[in-house]
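> One file is attached below, entry-v3.pdb, containing PDB, C-alpha atoms.
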```
ATOM      1  CA  MET O   1     -41.641   1.918 103.567
ATOM      2  CA  GLU O   2     -38.079   1.712 102.265
ATOM      3  CA  ALA O   3     -37.341   2.813  98.741
ATOM      4  CA  GLU O   4     -36.199  -0.705  97.782
ATOM      5  CA  ALA O   5     -39.513  -2.267  98.808
ATOM      6  CA  ALA O   6     -41.500   0.463  97.086
ATOM      7  CA  LYS O   7     -39.474  -0.117  93.898
ATOM      8  CA  TYR O   8     -40.347  -3.805  93.767
ATOM      9  CA  ILE O   9     -44.010  -3.240  94.629
ATOM     10  CA  GLY O  10     -44.209  -0.543  91.938
ATOM     11  CA  ALA O  11     -42.608  -2.883  89.406
ATOM     12  CA  GLY O  12     -45.226  -5.507  90.202
ATOM     13  CA  ILE O  13     -48.100  -3.065  89.842
ATOM     14  CA  ALA O  14     -46.664  -1.755  86.553
ATOM     15  CA  CYS O  15     -46.883  -5.257  85.104
ATOM     16  CA  LEU O  16     -50.688  -5.176  85.456
ATOM     17  CA  GLY O  17     -50.734  -2.907  82.396
ATOM     18  CA  MET O  18     -49.810  -5.853  80.228
ATOM     19  CA  ALA O  19     -53.250  -7.358  80.873
ATOM     20  CA  GLY O  20     -54.840  -4.665  78.685
ATOM     21  CA  ALA O  21     -52.305  -5.296  75.936
ATOM     22  CA  GLY O  22     -53.012  -9.021  76.097
ATOM     23  CA  ILE O  23     -56.760  -8.492  75.758
ATOM     24  CA  GLY O  24     -56.227  -6.085  72.871
ATOM     25  CA  LEU O  25     -53.926  -8.477  71.027
ATOM     26  CA  GLY O  26     -56.332 -11.376  71.463
ATOM     27  CA  HIS O  27     -59.102  -9.152  70.110
ATOM     28  CA  ILE O  28     -57.105  -8.176  67.017
ATOM     29  CA  PHE O  29     -55.924 -11.655  66.128
ATOM     30  CA  GLY O  30     -59.301 -13.223  66.957
ATOM     31  CA  ASN O  31     -61.062 -10.831  64.600
ATOM     32  CA  TYR O  32     -58.461 -11.462  61.912
ATOM     33  CA  LEU O  33     -58.907 -15.230  62.230
ATOM     34  CA  ALA O  34     -62.697 -14.928  62.172
ATOM     35  CA  GLY O  35     -62.503 -12.778  59.052
ATOM     36  CA  ALA O  36     -59.935 -15.084  57.440
ATOM     37  CA  LEU O  37     -62.167 -18.106  58.008
ATOM     38  CA  ARG O  38     -65.055 -16.312  56.364
ATOM     39  CA  ASN O  39     -63.107 -14.901  53.430
ATOM     40  CA  PRO O  40     -59.792 -16.731  53.039
ATOM     41  CA  SER O  41     -58.841 -15.066  49.747
ATOM     42  CA  ALA O  42     -59.035 -11.582  51.285
ATOM     43  CA  ALA O  43     -57.012 -12.558  54.332
ATOM     44  CA  GLN O  44     -53.556 -12.197  52.753
ATOM     45  CA  GLY O  45     -54.292  -8.630  51.667
ATOM     46  CA  GLN O  46     -55.006  -7.563  55.222
ATOM     47  CA  PHE O  47     -51.902  -9.239  56.682
ATOM     48  CA  SER O  48     -49.845  -6.034  56.796
ATOM     49  CA  ASN O  49     -52.718  -4.241  58.589
ATOM     50  CA  LEU O  50     -52.688  -7.120  61.068
ATOM     51  CA  ILE O  51     -48.974  -6.729  61.748
ATOM     52  CA  PHE O  52     -49.355  -2.950  62.088
ATOM     53  CA  GLY O  53     -52.246  -3.323  64.562
ATOM     54  CA  PHE O  54     -50.260  -5.951  66.481
ATOM     55  CA  ALA O  55     -47.235  -3.675  66.779
ATOM     56  CA  VAL O  56     -49.074  -0.573  67.996
ATOM     57  CA  THR O  57     -51.079  -2.581  70.555
ATOM     58  CA  GLU O  58     -48.055  -4.542  71.747
ATOM     59  CA  ALA O  59     -46.226  -1.226  72.125
ATOM     60  CA  LEU O  60     -48.475  -0.176  75.018
ATOM     61  CA  GLY O  61     -47.946  -3.454  76.830
ATOM     62  CA  ILE O  62     -44.228  -3.102  76.330
ATOM     63  CA  PHE O  63     -44.361   0.507  77.609
ATOM     64  CA  SER O  64     -45.720  -0.791  80.923
ATOM     65  CA  PHE O  65     -43.157  -3.616  80.958
ATOM     66  CA  ALA O  66     -40.389  -1.071  80.328
ATOM     67  CA  VAL O  67     -41.651   0.989  83.305
ATOM     68  CA  ALA O  68     -41.393  -2.134  85.458
ATOM     69  CA  LEU O  69     -37.874  -2.835  84.176
ATOM     70  CA  ILE O  70     -36.805   0.765  84.787
ATOM     71  CA  LEU O  71     -38.070   0.517  88.366
ATOM     72  CA  MET O  72     -36.260  -2.777  88.904
ATOM     73  CA  PHE O  73     -32.908  -2.131  87.277
ATOM     74  CA  VAL O  74     -32.375   1.568  86.665
ATOM     75  CA  LEU O  75     -33.880   3.388  89.638
TER      76      LEU O  75
ATOM     77  CA  MET W   1     -22.368 -30.870  90.882
ATOM     78  CA  ASN W   2     -19.715 -28.335  91.876
ATOM     79  CA  ILE W   3     -17.788 -27.207  88.828
ATOM     80  CA  GLY W   4     -15.204 -25.417  90.919
ATOM     81  CA  LEU W   5     -15.407 -22.275  88.770
ATOM     82  CA  PRO W   6     -16.981 -19.062  90.061
ATOM     83  CA  ILE W   7     -20.021 -18.985  87.792
ATOM     84  CA  VAL W   8     -21.889 -15.730  88.389
ATOM     85  CA  ALA W   9     -24.656 -14.312  86.221
ATOM     86  CA  LYS W  10     -24.020 -10.734  85.162
ATOM     87  CA  ASP W  11     -26.438  -7.899  85.908
ATOM     88  CA  PRO W  12     -28.907  -7.835  82.956
ATOM     89  CA  THR W  13     -28.445  -4.093  82.427
ATOM     90  CA  ALA W  14     -24.667  -4.407  81.945
ATOM     91  CA  GLN W  15     -25.213  -4.977  78.203
ATOM     92  CA  PHE W  16     -26.478  -1.403  77.740
ATOM     93  CA  GLU W  17     -23.374   0.286  79.135
ATOM     94  CA  LEU W  18     -21.428   2.528  76.789
ATOM     95  CA  HIS W  19     -17.702   1.900  76.545
ATOM     96  CA  LYS W  20     -15.438   4.557  75.058
ATOM     97  CA  LEU W  21     -13.229   3.037  72.408
ATOM     98  CA  ALA W  22     -11.391   6.231  71.412
ATOM     99  CA  GLN W  23     -11.305   9.423  73.433
ATOM    100  CA  LEU W  24     -12.219  12.690  71.739
ATOM    101  CA  LYS W  25     -12.971  15.826  73.707
ATOM    102  CA  ILE W  26     -13.680  19.139  71.956
ATOM    103  CA  GLY W  27     -13.892  21.874  74.583
ATOM    104  CA  ASN W  28     -16.577  20.671  76.984
ATOM    105  CA  LEU W  29     -18.153  18.244  74.492
ATOM    106  CA  ASP W  30     -17.370  14.579  74.925
ATOM    107  CA  LEU W  31     -17.458  13.188  71.381
ATOM    108  CA  SER W  32     -15.670   9.908  72.149
ATOM    109  CA  PHE W  33     -16.108   7.012  69.784
ATOM    110  CA  THR W  34     -18.213   4.555  71.777
ATOM    111  CA  ASN W  35     -19.312   0.974  71.138
ATOM    112  CA  SER W  36     -22.692   2.435  70.115
ATOM    113  CA  ALA W  37     -21.010   4.518  67.398
ATOM    114  CA  LEU W  38     -19.040   1.442  66.315
ATOM    115  CA  MET W  39     -22.247  -0.594  65.920
ATOM    116  CA  MET W  40     -23.834   2.211  63.895
ATOM    117  CA  LEU W  41     -20.823   2.129  61.552
ATOM    118  CA  VAL W  42     -21.069  -1.664  61.348
ATOM    119  CA  SER W  43     -24.783  -1.399  60.402
ATOM    120  CA  LEU W  44     -23.882   1.165  57.754
ATOM    121  CA  ALA W  45     -21.102  -1.075  56.420
ATOM    122  CA  CYS W  46     -23.464  -4.089  56.293
ATOM    123  CA  ILE W  47     -26.109  -2.112  54.392
ATOM    124  CA  ALA W  48     -23.502  -0.752  51.951
ATOM    125  CA  LEU W  49     -22.054  -4.236  51.452
ATOM    126  CA  TRP W  50     -25.519  -5.702  50.874
ATOM    127  CA  PHE W  51     -26.283  -3.093  48.212
ATOM    128  CA  LEU W  52     -22.882  -3.411  46.532
ATOM    129  CA  LEU W  53     -23.019  -7.199  46.338
ATOM    130  CA  SER W  54     -26.643  -7.371  45.166
ATOM    131  CA  SER W  55     -26.856  -4.600  42.566
ATOM    132  CA  LYS W  56     -26.107  -6.460  39.336
ATOM    133  CA  LYS W  57     -28.769  -4.972  37.013
ATOM    134  CA  GLU W  58     -29.356  -8.284  35.241
ATOM    135  CA  LEU W  59     -32.690  -8.541  33.458
ATOM    136  CA  ILE W  60     -33.362 -11.938  35.036
ATOM    137  CA  PRO W  61     -32.275 -11.390  38.615
ATOM    138  CA  GLY W  62     -30.157 -13.825  40.537
ATOM    139  CA  ARG W  63     -30.795 -14.631  44.193
ATOM    140  CA  ALA W  64     -29.162 -11.584  45.788
ATOM    141  CA  GLN W  65     -30.656  -9.153  43.294
ATOM    142  CA  SER W  66     -34.095 -10.720  43.847
ATOM    143  CA  VAL W  67     -33.857 -10.150  47.577
ATOM    144  CA  LEU W  68     -32.876  -6.516  47.051
ATOM    145  CA  GLU W  69     -35.730  -5.994  44.559
ATOM    146  CA  LEU W  70     -38.173  -7.675  46.958
ATOM    147  CA  SER W  71     -37.197  -5.361  49.813
ATOM    148  CA  TYR W  72     -37.432  -2.353  47.462
ATOM    149  CA  GLU W  73     -40.956  -3.377  46.449
ATOM    150  CA  PHE W  74     -41.911  -4.172  50.039
ATOM    151  CA  ILE W  75     -41.151  -0.633  51.211
ATOM    152  CA  ALA W  76     -42.290   1.050  47.970
ATOM    153  CA  ASP W  77     -45.704  -0.673  48.155
ATOM    154  CA  MET W  78     -46.067   0.293  51.802
ATOM    155  CA  LEU W  79     -45.135   3.919  51.071
ATOM    156  CA  GLN W  80     -47.395   4.200  48.024
ATOM    157  CA  SER W  81     -50.427   2.720  49.783
ATOM    158  CA  SER W  82     -50.027   5.315  52.575
ATOM    159  CA  THR W  83     -49.013   8.411  50.652
ATOM    160  CA  GLY W  84     -49.995   7.841  47.024
ATOM    161  CA  LYS W  85     -47.863   8.444  43.944
ATOM    162  CA  GLU W  86     -46.213  11.697  45.056
ATOM    163  CA  GLY W  87     -45.077  10.047  48.278
ATOM    164  CA  MET W  88     -42.316   8.235  46.395
ATOM    165  CA  ARG W  89     -40.128  11.335  46.813
ATOM    166  CA  PHE W  90     -39.742  10.183  50.426
ATOM    167  CA  PHE W  91     -38.682   6.687  49.441
ATOM    168  CA  PRO W  92     -34.945   7.214  50.131
ATOM    169  CA  LEU W  93     -35.745   8.506  53.644
ATOM    170  CA  VAL W  94     -38.182   5.712  54.487
ATOM    171  CA  PHE W  95     -35.947   2.973  53.077
ATOM    172  CA  SER W  96     -32.890   4.349  54.886
ATOM    173  CA  ILE W  97     -34.799   4.438  58.174
ATOM    174  CA  PHE W  98     -36.113   0.914  57.620
ATOM    175  CA  ALA W  99     -32.725  -0.518  56.645
ATOM    176  CA  PHE W 100     -30.831   1.214  59.453
ATOM    177  CA  ILE W 101     -33.281   0.119  62.171
ATOM    178  CA  LEU W 102     -33.499  -3.418  60.736
ATOM    179  CA  PHE W 103     -29.740  -3.902  60.642
ATOM    180  CA  ALA W 104     -29.200  -2.207  64.025
ATOM    181  CA  ASN W 105     -31.806  -4.494  65.639
ATOM    182  CA  MET W 106     -30.560  -7.659  63.923
ATOM    183  CA  LEU W 107     -26.877  -6.980  64.672
ATOM    184  CA  GLY W 108     -27.839  -6.547  68.324
ATOM    185  CA  MET W 109     -29.015 -10.163  68.386
ATOM    186  CA  ILE W 110     -25.468 -11.412  67.734
ATOM    187  CA  PRO W 111     -23.803 -12.337  71.045
ATOM    188  CA  PHE W 112     -21.461  -9.678  72.466
ATOM    189  CA  PHE W 113     -22.707  -7.075  69.961
ATOM    190  CA  PHE W 114     -24.265  -3.841  71.204
ATOM    191  CA  THR W 115     -27.837  -2.874  70.201
ATOM    192  CA  THR W 116     -27.763   0.801  69.204
ATOM    193  CA  THR W 117     -31.554   1.126  69.233
ATOM    194  CA  SER W 118     -31.694   0.054  72.878
ATOM    195  CA  HIS W 119     -30.795   3.607  73.871
ATOM    196  CA  ILE W 120     -33.724   6.063  73.920
ATOM    197  CA  ILE W 121     -31.558   8.896  72.570
ATOM    198  CA  VAL W 122     -30.896   6.976  69.348
ATOM    199  CA  THR W 123     -34.563   6.144  68.718
ATOM    200  CA  PHE W 124     -35.574   9.651  69.767
ATOM    201  CA  ALA W 125     -33.136  11.129  67.245
ATOM    202  CA  LEU W 126     -34.672   8.939  64.518
ATOM    203  CA  ALA W 127     -38.215   9.959  65.541
ATOM    204  CA  MET W 128     -37.243  13.642  65.609
ATOM    205  CA  ILE W 129     -35.778  13.332  62.096
ATOM    206  CA  VAL W 130     -39.152  11.997  60.942
ATOM    207  CA  MET W 131     -41.165  14.693  62.734
ATOM    208  CA  CYS W 132     -38.904  17.505  61.498
ATOM    209  CA  VAL W 133     -39.287  16.244  57.915
ATOM    210  CA  VAL W 134     -43.072  16.002  58.403
ATOM    211  CA  ILE W 135     -43.428  19.504  59.865
ATOM    212  CA  GLY W 136     -40.817  21.085  57.580
ATOM    213  CA  PHE W 137     -42.221  19.595  54.397
ATOM    214  CA  GLY W 138     -45.821  20.191  55.507
ATOM    215  CA  VAL W 139     -45.203  23.875  56.120
ATOM    216  CA  TRP W 140     -43.096  24.251  52.945
ATOM    217  CA  LYS W 141     -45.721  22.620  50.731
ATOM    218  CA  ASN W 142     -48.978  23.800  52.364
ATOM    219  CA  GLY W 143     -48.001  26.958  54.241
ATOM    220  CA  PHE W 144     -50.612  27.684  56.885
ATOM    221  CA  GLY W 145     -52.812  25.028  55.285
ATOM    222  CA  PHE W 146     -50.705  22.569  57.267
ATOM    223  CA  LEU W 147     -52.716  23.620  60.324
ATOM    224  CA  LYS W 148     -55.737  21.986  58.681
ATOM    225  CA  LEU W 149     -54.255  18.873  60.241
ATOM    226  CA  PHE W 150     -55.622  20.117  63.565
ATOM    227  CA  TRP W 151     -58.981  21.260  62.204
ATOM    228  CA  PRO W 152     -60.414  18.028  60.801
ATOM    229  CA  ALA W 153     -63.231  18.122  58.275
ATOM    230  CA  GLY W 154     -66.653  16.685  58.957
ATOM    231  CA  ILE W 155     -66.829  17.339  62.705
ATOM    232  CA  PRO W 156     -69.802  19.358  64.103
ATOM    233  CA  ILE W 157     -68.677  22.889  65.002
ATOM    234  CA  ALA W 158     -69.866  22.484  68.607
ATOM    235  CA  ILE W 159     -67.138  19.994  69.549
ATOM    236  CA  LYS W 160     -64.516  21.093  67.009
ATOM    237  CA  PRO W 161     -62.326  23.008  69.522
ATOM    238  CA  PHE W 162     -62.054  19.965  71.786
ATOM    239  CA  VAL W 163     -61.329  17.638  68.867
ATOM    240  CA  SER W 164     -58.732  20.161  67.687
ATOM    241  CA  LEU W 165     -57.048  20.121  71.108
ATOM    242  CA  LEU W 166     -57.040  16.336  71.072
ATOM    243  CA  GLU W 167     -55.495  16.358  67.587
ATOM    244  CA  VAL W 168     -52.687  18.657  68.797
ATOM    245  CA  ILE W 169     -51.985  16.420  71.793
ATOM    246  CA  SER W 170     -52.044  13.329  69.596
ATOM    247  CA  PHE W 171     -49.614  15.005  67.154
ATOM    248  CA  ILE W 172     -47.192  15.900  69.949
ATOM    249  CA  SER W 173     -47.354  12.343  71.253
ATOM    250  CA  ARG W 174     -46.287  10.945  67.848
ATOM    251  CA  PRO W 175     -42.505  11.313  68.172
ATOM    252  CA  ILE W 176     -42.729  10.117  71.774
ATOM    253  CA  SER W 177     -44.681   6.973  70.940
ATOM    254  CA  LEU W 178     -42.600   6.334  67.816
ATOM    255  CA  SER W 179     -39.317   6.471  69.703
ATOM    256  CA  VAL W 180     -40.485   4.741  72.894
ATOM    257  CA  ARG W 181     -42.101   1.868  70.949
ATOM    258  CA  LEU W 182     -38.812   0.923  69.262
ATOM    259  CA  TRP W 183     -36.723   1.590  72.365
ATOM    260  CA  ALA W 184     -38.962  -0.322  74.785
ATOM    261  CA  ASN W 185     -39.150  -3.339  72.462
ATOM    262  CA  MET W 186     -35.366  -3.531  72.168
ATOM    263  CA  PHE W 187     -34.681  -2.717  75.839
ATOM    264  CA  ALA W 188     -37.261  -5.121  77.245
ATOM    265  CA  GLY W 189     -36.399  -7.887  74.770
ATOM    266  CA  HIS W 190     -32.699  -7.846  75.530
ATOM    267  CA  ILE W 191     -33.216  -7.594  79.286
ATOM    268  CA  LEU W 192     -35.542 -10.611  79.117
ATOM    269  CA  LEU W 193     -32.900 -12.620  77.249
ATOM    270  CA  LYS W 194     -30.107 -11.748  79.698
ATOM    271  CA  LEU W 195     -32.399 -12.242  82.710
ATOM    272  CA  PHE W 196     -33.429 -15.779  81.754
ATOM    273  CA  ALA W 197     -29.905 -16.655  80.684
ATOM    274  CA  GLY W 198     -28.740 -15.374  84.074
ATOM    275  CA  PHE W 199     -31.297 -17.601  85.813
ATOM    276  CA  ALA W 200     -30.051 -20.612  83.838
ATOM    277  CA  ILE W 201     -26.463 -19.798  84.841
ATOM    278  CA  SER W 202     -27.165 -19.244  88.537
ATOM    279  CA  MET W 203     -29.414 -22.310  88.772
ATOM    280  CA  PHE W 204     -26.735 -24.440  87.128
ATOM    281  CA  ALA W 205     -24.048 -23.033  89.433
ATOM    282  CA  ALA W 206     -26.132 -23.876  92.516
ATOM    283  CA  GLY W 207     -25.660 -27.557  91.823
ATOM    284  CA  GLY W 208     -27.849 -30.524  92.698
ATOM    285  CA  LEU W 209     -31.538 -30.537  91.773
ATOM    286  CA  THR W 210     -31.498 -26.840  90.779
ATOM    287  CA  ALA W 211     -28.809 -27.605  88.218
ATOM    288  CA  VAL W 212     -31.163 -30.107  86.580
ATOM    289  CA  GLY W 213     -33.973 -27.524  86.735
ATOM    290  CA  SER W 214     -31.779 -24.988  84.936
ATOM    291  CA  ILE W 215     -32.986 -26.558  81.686
ATOM    292  CA  VAL W 216     -36.261 -24.603  82.104
ATOM    293  CA  PRO W 217     -34.877 -21.037  81.909
ATOM    294  CA  PHE W 218     -32.454 -22.277  79.268
ATOM    295  CA  GLY W 219     -35.340 -23.552  77.137
ATOM    296  CA  LEU W 220     -37.193 -20.281  77.700
ATOM    297  CA  THR W 221     -34.183 -18.260  76.521
ATOM    298  CA  LEU W 222     -33.925 -20.537  73.500
ATOM    299  CA  ALA W 223     -37.606 -19.939  72.667
ATOM    300  CA  LEU W 224     -37.242 -16.169  73.167
ATOM    301  CA  ILE W 225     -34.448 -15.770  70.623
ATOM    302  CA  PRO W 226     -36.515 -16.384  67.440
ATOM    303  CA  LEU W 227     -39.217 -14.162  68.944
ATOM    304  CA  GLU W 228     -36.636 -11.401  69.344
ATOM    305  CA  PHE W 229     -35.575 -11.783  65.698
ATOM    306  CA  LEU W 230     -39.237 -11.430  64.694
ATOM    307  CA  VAL W 231     -39.657  -8.390  66.947
ATOM    308  CA  ALA W 232     -36.515  -6.827  65.416
ATOM    309  CA  PHE W 233     -38.007  -7.087  61.924
ATOM    310  CA  VAL W 234     -41.559  -6.078  62.899
ATOM    311  CA  GLN W 235     -40.364  -2.998  64.816
ATOM    312  CA  ALA W 236     -38.301  -1.802  61.842
ATOM    313  CA  TYR W 237     -41.326  -2.332  59.559
ATOM    314  CA  VAL W 238     -43.720  -0.556  61.945
ATOM    315  CA  PHE W 239     -41.347   2.427  62.324
ATOM    316  CA  ALA W 240     -41.182   2.759  58.527
ATOM    317  CA  LEU W 241     -44.964   2.291  58.198
ATOM    318  CA  LEU W 242     -45.756   4.972  60.778
ATOM    319  CA  THR W 243     -43.215   7.263  59.085
ATOM    320  CA  SER W 244     -45.166   6.811  55.826
ATOM    321  CA  VAL W 245     -48.484   7.534  57.579
ATOM    322  CA  TYR W 246     -47.111  10.731  59.169
ATOM    323  CA  LEU W 247     -45.619  11.802  55.825
ATOM    324  CA  SER W 248     -49.022  11.344  54.182
ATOM    325  CA  ASP W 249     -50.318  13.782  56.813
ATOM    326  CA  ALA W 250     -47.711  16.289  55.617
ATOM    327  CA  LEU W 251     -48.661  15.736  51.978
ATOM    328  CA  HIS W 252     -52.451  15.913  52.450
ATOM    329  CA  PRO W 253     -53.254  17.569  55.771
ATOM    330  CA  GLY W 254     -56.765  17.112  57.051
ATOM    331  CA  HIS W 255     -57.522  13.991  55.007
ATOM    332  CA  HIS W 256     -57.523  11.007  57.342
TER     333      HIS W 256
END
```
What does the file become when written as structure tokens?


Amino acid sequence: MEAEAAKYIGAGIACLGMAGAGIGLGHIFGNYLAGALRNPSAAQGQFSNLIFGFAVTEALGIFSFAVALILMFVL
Amino acid sequence: MNIGLPIVAKDPTAQFELHKLAQLKIGNLDLSFTNSALMMLVSLACIALWFLLSSKKELIPGRAQSVLELSYEFIADMLQSSTGKEGMRFFPLVFSIFAFILFANMLGMIPFFFTTTSHIIVTFALAMIVMCVVIGFGVWKNGFGFLKLFWPAGIPIAIKPFVSLLEVISFISRPISLSVRLWANMFAGHILLKLFAGFAISMFAAGGLTAVGSIVPFGLTLALIPLEFLVAFVQAYVFALLTSVYLSDALHPGHH
């Protein structure tokens, strides 16, 4: 297999990692919404925890996306 | 619909290239003033200007002073909830990191401006500053008690060595994840923008039905831009928040 073809196939496989990030994000925001519907007054206090959890989970999805981009454009 | 002009979309990684603006070579060291250094100076100038124009010390604050006080409280609350009262000694560090990353990210969104944080060496330098402060201060304040960080309380002695090894690995991965999170967000975000803009350009240049279809990648780019502004702010906030959390580990090792 030529290096070019392997690069593109690798980039495609690397994008599968974003599935985990998507599930994780849906989990976080779904739980936040469920909690906010039960206890709306406490929801605003937890907003910064929500953003923090979003950022660290999204980071892993973006790591895998960055690997795909590196394979496509840098290597 | 042939425009007659050679419309070609640029390679999406061309935006990350460093251009030397002023040559400076000391021995074997190339210390040229690059566009990255220029953007860092511009961020610094914007922060300084913001502070100078907003610091009026009126008892009833005007608009600019209110914004400055709000951002002060935003970071101070975040720092105090992570580290407690004695953590406020780190406030200048945390606020500087937050302001620098925020302005560097935001200035990168302006067309034709360079995003300093899109280079891993810049974000790695920032993360290493944080880790060196954490380790340095932790050892200075706690001495060998700093190693209690890797010997957590309340774990049964049978599995403590393995948990300790995991804690060491997780500590070493902190500067890596801190730097790569910011870098990957900026790198991926800007490549996405240029990629979709490039699609819009090449579809439009192809003429005919594809030129009409070029509205789709154009709309996508348009929708991505506010998302990138949000990501710029959130990444600066998360970097500062994680800095506070790691500093609280230096202040009180072993208390999670």

> Return as a list in words the residues belonging to chain W that are within 9 Å of chain O, counting only C-alpha atoms.

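Every residue of chain W that passes the 9 Å test is in Asp11, Pro12, Thr13, Met78, Ser177, Val180, Arg181, Leu182, Ala184, Asn185, Phe187, Ala188, Ile191, Val231, Val234, Gln235, Tyr237, Val238, Leu241 and Leu242 of chain W.
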
> Env of Gln44 (chain O): 12 Å cut, atoms = only C-alpha atoms, seq-sep filter 5 positions within chain, self excluded. Answer as a compact mmCIF listing (two decimals) with C-alpha atoms, in the coordinates of the input.


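Output contents, as saved in out14.txt:
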```txt
# COMPACT_ATOMS: atom_id res chain seq x y z
CA TYR O 32 -58.46 -11.46 61.91
CA LEU O 33 -58.91 -15.23 62.23
CA GLY O 35 -62.50 -12.78 59.05
CA ALA O 36 -59.94 -15.08 57.44
CA LEU O 37 -62.17 -18.11 58.01
CA ASN O 39 -63.11 -14.90 53.43
CA ASN O 49 -52.72 -4.24 58.59
CA LEU O 50 -52.69 -7.12 61.07
CA ILE O 51 -48.97 -6.73 61.75
```

> Which polymer residues have any atom within 12 Å of an atom of Leu107 (chain W), counting only C-alpha atoms, with same-chain residues fewer than 2 positions away left out, as a PyMOL selection string?

chain W and resi 36+38-47+99-105+109-118+186+228-229+232-233

> In Å, rounded to a single decimal, give me how far CA of Val130 (chain W) is from CA of Leu93 (chain W).

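These atoms are spaced 8.8 Å apart.
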
> So the first atom is CA of Leu247 (chain W) and the second is CA of Pro161 (chain W); what is the distance between them in Å, to one decimal place?

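Between CA of Leu247 (chain W) and CA of Pro161 (chain W) the gap is 24.3 Å.
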
> For the atom pair CA of Thr83 (chain W) and CA of Phe162 (chain W), what is the interatomic distance in Å to one decimal place?

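So the answer is 27.4 Å.
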
> Taking all atoms listed in the file into account, name the residue in W:Phe150, W:Ile176, W:Ala158, W:Tyr72 that is nearest to Val94 (chain W).

W:Tyr72

> Considering all atoms listed in the file, can you say which of W:Leu195, W:Leu79, W:Val134, W:Val212 comes closest to Lys10 (chain W)?

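Result for the nearest residue to Lys10 (chain W): W:Leu195.
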
> What's around Ala5 (chain O) at 12 Å? Count all atoms listed in the file, leave out sequence neighbours fewer than 6 positions away in its own chain, and write the answer as a VMD selection string.

chain O and resid 11 to 12 71 to 72

> Considering only C-alpha atoms, state which residue in the set W:Lys194, W:Arg63, W:Lys57, W:Lys148 is at the smallest distance from Leu251 (chain W).

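Looking at the shortest contact to Leu251 (chain W), the residue is W:Lys148.
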
> Would you kindly place N, CA and C atoms on region 62-75 of chain O and return the model as a PDB file, in the frame of the given file?


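Written output follows (part.pdb):
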```
ATOM      1  N   ILE O  62     -45.663  -3.153  76.097  1.00  0.00           N
ATOM      2  CA  ILE O  62     -44.228  -3.102  76.330  1.00  0.00           C
ATOM      3  C   ILE O  62     -43.849  -1.814  77.058  1.00  0.00           C
ATOM      4  N   PHE O  63     -44.625  -0.721  76.844  1.00  0.00           N
ATOM      5  CA  PHE O  63     -44.361   0.507  77.609  1.00  0.00           C
ATOM      6  C   PHE O  63     -44.455   0.192  79.102  1.00  0.00           C
ATOM      7  N   SER O  64     -45.540  -0.517  79.500  1.00  0.00           N
ATOM      8  CA  SER O  64     -45.720  -0.791  80.923  1.00  0.00           C
ATOM      9  C   SER O  64     -44.641  -1.750  81.418  1.00  0.00           C
ATOM     10  N   PHE O  65     -44.221  -2.704  80.552  1.00  0.00           N
ATOM     11  CA  PHE O  65     -43.157  -3.616  80.958  1.00  0.00           C
ATOM     12  C   PHE O  65     -41.851  -2.857  81.135  1.00  0.00           C
ATOM     13  N   ALA O  66     -41.617  -1.862  80.230  1.00  0.00           N
ATOM     14  CA  ALA O  66     -40.389  -1.071  80.328  1.00  0.00           C
ATOM     15  C   ALA O  66     -40.385  -0.247  81.615  1.00  0.00           C
ATOM     16  N   VAL O  67     -41.585   0.252  82.037  1.00  0.00           N
ATOM     17  CA  VAL O  67     -41.651   0.989  83.305  1.00  0.00           C
ATOM     18  C   VAL O  67     -41.251   0.069  84.450  1.00  0.00           C
ATOM     19  N   ALA O  68     -41.751  -1.184  84.410  1.00  0.00           N
ATOM     20  CA  ALA O  68     -41.393  -2.134  85.458  1.00  0.00           C
ATOM     21  C   ALA O  68     -39.892  -2.397  85.464  1.00  0.00           C
ATOM     22  N   LEU O  69     -39.305  -2.556  84.246  1.00  0.00           N
ATOM     23  CA  LEU O  69     -37.874  -2.835  84.176  1.00  0.00           C
ATOM     24  C   LEU O  69     -37.054  -1.645  84.670  1.00  0.00           C
ATOM     25  N   ILE O  70     -37.526  -0.416  84.329  1.00  0.00           N
ATOM     26  CA  ILE O  70     -36.805   0.765  84.787  1.00  0.00           C
ATOM     27  C   ILE O  70     -36.803   0.813  86.306  1.00  0.00           C
ATOM     28  N   LEU O  71     -37.989   0.501  86.905  1.00  0.00           N
ATOM     29  CA  LEU O  71     -38.070   0.517  88.366  1.00  0.00           C
ATOM     30  C   LEU O  71     -37.139  -0.523  88.967  1.00  0.00           C
ATOM     31  N   MET O  72     -37.064  -1.694  88.327  1.00  0.00           N
ATOM     32  CA  MET O  72     -36.260  -2.777  88.904  1.00  0.00           C
ATOM     33  C   MET O  72     -34.770  -2.510  88.760  1.00  0.00           C
ATOM     34  N   PHE O  73     -34.328  -2.091  87.562  1.00  0.00           N
ATOM     35  CA  PHE O  73     -32.908  -2.131  87.277  1.00  0.00           C
ATOM     36  C   PHE O  73     -32.248  -0.763  87.193  1.00  0.00           C
ATOM     37  N   VAL O  74     -33.038   0.300  86.900  1.00  0.00           N
ATOM     38  CA  VAL O  74     -32.375   1.568  86.665  1.00  0.00           C
ATOM     39  C   VAL O  74     -32.496   2.481  87.880  1.00  0.00           C
ATOM     40  N   LEU O  75     -33.661   2.482  88.514  1.00  0.00           N
ATOM     41  CA  LEU O  75     -33.880   3.388  89.638  1.00  0.00           C
ATOM     42  C   LEU O  75     -33.438   2.765  90.958  1.00  0.00           C
TER      43      LEU O  75
END
```
